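Colleague: One structure is given below, represented as structure tokens, and several questions about it will come after.
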Amino acid sequence: MMDHFHEEVVVKKNRLFNDVLYMLANVVMVICALLTFMTLSTLLSNFNFVILAFVLINGAIAFLLFLYRDRLRTEYEYTFTNGDLDFAKVFNNQKRKTLGTMRVKNVDAFGPVNSEGFRKIINMPDLKRRNWFLNRDGNLYYFYYQKENAKNVIVLEPTDELVDLIKKYLPMGVYRA
């Protein structure tokens, strides 16, 4: 039997806005950090609550931008290996967050988001939805499964090649076009 392995990365198609925001976040972060350190020396020589608030606010802004600016450059990575599908979220090609692994044969339904089957599933009560895609106008598909009596749906943006591999491992009657 031949092994099936496929890996793909989903990137945002129109990244100009996110790239501009990323550069702006870097600039604001540096300015806030500089203002914090420059005003900190004033605060040490002459204590004032207004200056303290200014230092704390600018320091907090610089720190939060340092922590979260990479999220402006998010990608999703799907790795398919012999019926197992691994999901990961990658921030700025540096930080990787594993989202989970799914055994395709355990799925209750799979198909395109623009199908009637998805419209029925999405209106279920107590459904936990995970959107692991970046382009709303992309080729979106869904996985529906139940785990520990909880209803779950994952929406992702696979290529046609990945969809064909997934179909090979699905149980009979699970694919809903």
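In the structure tokens, chains take letters A, B, ... by order of appearance, with residues numbered from 1 within each chain and ligands from 1 in the order shown.
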So that I can check the surroundings of Asn93 of chain A, please list as a ChimeraX atom specification every protein, DNA and RNA residue that reaches within 9 Å of it, counting only C-alpha atoms and ignoring chain neighbours fewer than 6 positions away.
Modeller: /A:70,73-75
Colleague: Could those residues be written to a file, using N, CA and C atoms, as a tab-separated table (two decimals), in the first residue's frame?
Modeller:
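In the end it all went to again_7.tsv:
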chain	number	residue	atom	x	y	z
A	70	ASP	N	2.59	39.60	15.72
A	70	ASP	CA	2.78	38.49	14.80
A	70	ASP	C	1.47	37.87	14.35
A	73	ARG	N	0.06	38.36	10.80
A	73	ARG	CA	0.57	37.53	9.70
A	73	ARG	C	0.34	36.06	10.05
A	74	THR	N	-0.90	35.66	9.98
A	74	THR	CA	-1.29	34.30	10.35
A	74	THR	C	-1.46	33.43	9.10
A	75	GLU	N	-1.03	32.19	9.22
A	75	GLU	CA	-1.23	31.19	8.18
A	75	GLU	C	-1.75	29.93	8.85
Colleague: Please identify all polymer residues within 12 Å of Thr42 of chain A, counting only C-alpha atoms, omitting same-chain residues fewer than 6 positions from it, and present them as a count of residues only.
Modeller: 9
Colleague: For Phe133 of chain A, list every protein, DNA or RNA residue within 10 Å, evaluated using only C-alpha atoms, and leave out those in the same chain fewer than 5 positions away; present the list as a ChimeraX atom specification.
Modeller: /A:10-12,74-77,89,138-141,154-158
Colleague: Which residue, A:Thr159, A:Trp132, A:Leu44, A:Gly111, has the smallest gap to Thr98 of chain A when you use only C-alpha atoms?
Modeller: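 Ranked by minimum distance to Thr98 of chain A, first place goes to A:Trp132.
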Colleague: When you look at Leu162 of chain A with a cut-off of 9 Å (counting only C-alpha atoms), what residues show up, excluding the ones that are within fewer than 6 positions of it in the same chain? I need them as a ChimeraX atom specification.
Modeller: /A:6-8,78,80
Colleague: Take the residues that were just selected and, keeping C-alpha atoms, output them as a PDB file, in the first residue's frame.
Modeller:
ATOM      1  CA  HIS A   6       0.299  16.021   1.628  1.00  0.00           C
ATOM      2  CA  GLU A   7       1.099  19.315   3.307  1.00  0.00           C
ATOM      3  CA  GLU A   8      -0.226  22.727   2.438  1.00  0.00           C
ATOM      4  CA  TYR A  78      -2.831  21.308   7.023  1.00  0.00           C
ATOM      5  CA  PHE A  80      -2.430  14.878   5.742  1.00  0.00           C
TER       6      PHE A  80
END
Colleague: From the DSSP assignment of the backbone, select every residue of chain A that is helix (DSSP H, G or I), and format the answer as a ChimeraX atom specification.
Modeller: /A:16-45,49-72,104-106,116-122,160-169
Colleague: Go through A:Val90, A:Leu72, A:Ala150, A:Val163 and flag the residue nearest Met23 of chain A, using only C-alpha atoms for the distances.
Modeller: A:Leu72
Colleague: Please return as a VMD selection string: the residues of segment 8-131 of chain A that backbone DSSP assigns to strand (DSSP E).
Modeller: chain A and resid 8 to 10 74 to 81 84 to 91 95 to 103 109 to 112 127 to 131
Colleague: Just the residues within 8 Å of Ala109 of chain A, please, counting only C-alpha atoms, with nothing from its chain fewer than 6 positions along; format it as a VMD selection string.
Modeller: chain A and resid 142 to 145 174 to 176
Colleague: Keeping N, CA, C and O atoms, export the residues of the selection given above as a PDB file, in the first residue's frame.
Modeller:
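Wrote out_24.pdb, looks like this:
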ATOM      1  N   TYR A 142     -16.083  21.670   5.101  1.00  0.00           N
ATOM      2  CA  TYR A 142     -16.329  21.478   6.520  1.00  0.00           C
ATOM      3  C   TYR A 142     -16.171  20.013   6.910  1.00  0.00           C
ATOM      4  O   TYR A 142     -16.355  19.111   6.102  1.00  0.00           O
ATOM      5  N   PHE A 143     -15.804  19.813   8.170  1.00  0.00           N
ATOM      6  CA  PHE A 143     -15.822  18.509   8.819  1.00  0.00           C
ATOM      7  C   PHE A 143     -16.826  18.619   9.957  1.00  0.00           C
ATOM      8  O   PHE A 143     -16.740  19.536  10.770  1.00  0.00           O
ATOM      9  N   TYR A 144     -17.740  17.676  10.040  1.00  0.00           N
ATOM     10  CA  TYR A 144     -18.652  17.609  11.180  1.00  0.00           C
ATOM     11  C   TYR A 144     -18.375  16.308  11.919  1.00  0.00           C
ATOM     12  O   TYR A 144     -18.280  15.238  11.307  1.00  0.00           O
ATOM     13  N   TYR A 145     -18.222  16.404  13.235  1.00  0.00           N
ATOM     14  CA  TYR A 145     -17.983  15.210  14.042  1.00  0.00           C
ATOM     15  C   TYR A 145     -18.509  15.438  15.453  1.00  0.00           C
ATOM     16  O   TYR A 145     -18.744  16.572  15.870  1.00  0.00           O
ATOM     17  N   VAL A 174     -20.283   9.596   3.858  1.00  0.00           N
ATOM     18  CA  VAL A 174     -19.938  10.751   4.693  1.00  0.00           C
ATOM     19  C   VAL A 174     -19.751  12.006   3.845  1.00  0.00           C
ATOM     20  O   VAL A 174     -20.075  13.103   4.284  1.00  0.00           O
ATOM     21  N   TYR A 175     -19.262  11.857   2.608  1.00  0.00           N
ATOM     22  CA  TYR A 175     -19.070  13.034   1.745  1.00  0.00           C
ATOM     23  C   TYR A 175     -20.421  13.528   1.257  1.00  0.00           C
ATOM     24  O   TYR A 175     -21.223  12.776   0.714  1.00  0.00           O
ATOM     25  N   ARG A 176     -20.675  14.798   1.472  1.00  0.00           N
ATOM     26  CA  ARG A 176     -21.949  15.406   1.076  1.00  0.00           C
ATOM     27  C   ARG A 176     -21.683  16.623   0.218  1.00  0.00           C
ATOM     28  O   ARG A 176     -21.261  17.649   0.701  1.00  0.00           O
TER      29      ARG A 176
END
Colleague: Between atom CA of Pro112 of chain A and atom CA of Asp160 of chain A, measure the distance and give it in Å to one decimal.
Modeller: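 Taking atom CA of Pro112 of chain A and atom CA of Asp160 of chain A, their separation equals 11.2 Å.
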Colleague: Give me, as a VMD selection string, all polymer residues having an atom no more than 9 Å from Asn58 of chain A, counting only C-alpha atoms and skipping those fewer than 2 positions away in the same chain.
Modeller: chain A and resid 29 31 to 36 53 to 56 60 to 63
Colleague: With distances taken over only C-alpha atoms, which of A:Ala88, A:Leu65, A:Val153, A:Ala25 is nearest to Asn131 of chain A?
Modeller: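 Closest to Asn131 of chain A, using only C-alpha atoms: A:Val153.
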Colleague: Using only C-alpha atoms, which of the listed residues (A:Asp126, A:Asn106, A:Thr39, A:Glu116) sits closest to Asn149 of chain A?
Modeller: A:Asp126
Colleague: Could you please determine the separation between atom CA of Lys120 of chain A and atom CA of Lys168 of chain A in Å, to one decimal place?
Modeller: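 Rounded to one decimal, the two atoms are 24.2 Å apart.
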Colleague: Could you give me, as a VMD selection string, the residues within 12 Å of Gly83 of chain A, counting only C-alpha atoms and dropping anything in the same chain fewer than 2 positions from it?
Modeller: chain A and resid 3 to 6 79 to 81 85 to 86 101 to 107 162 to 171
Colleague: Between atom CA of Asn18 of chain A and atom CA of Arg136 of chain A, what distance in Å does the model show, to one decimal?
Modeller: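 Between atom CA of Asn18 of chain A and atom CA of Arg136 of chain A the gap works out to 15.4 Å.
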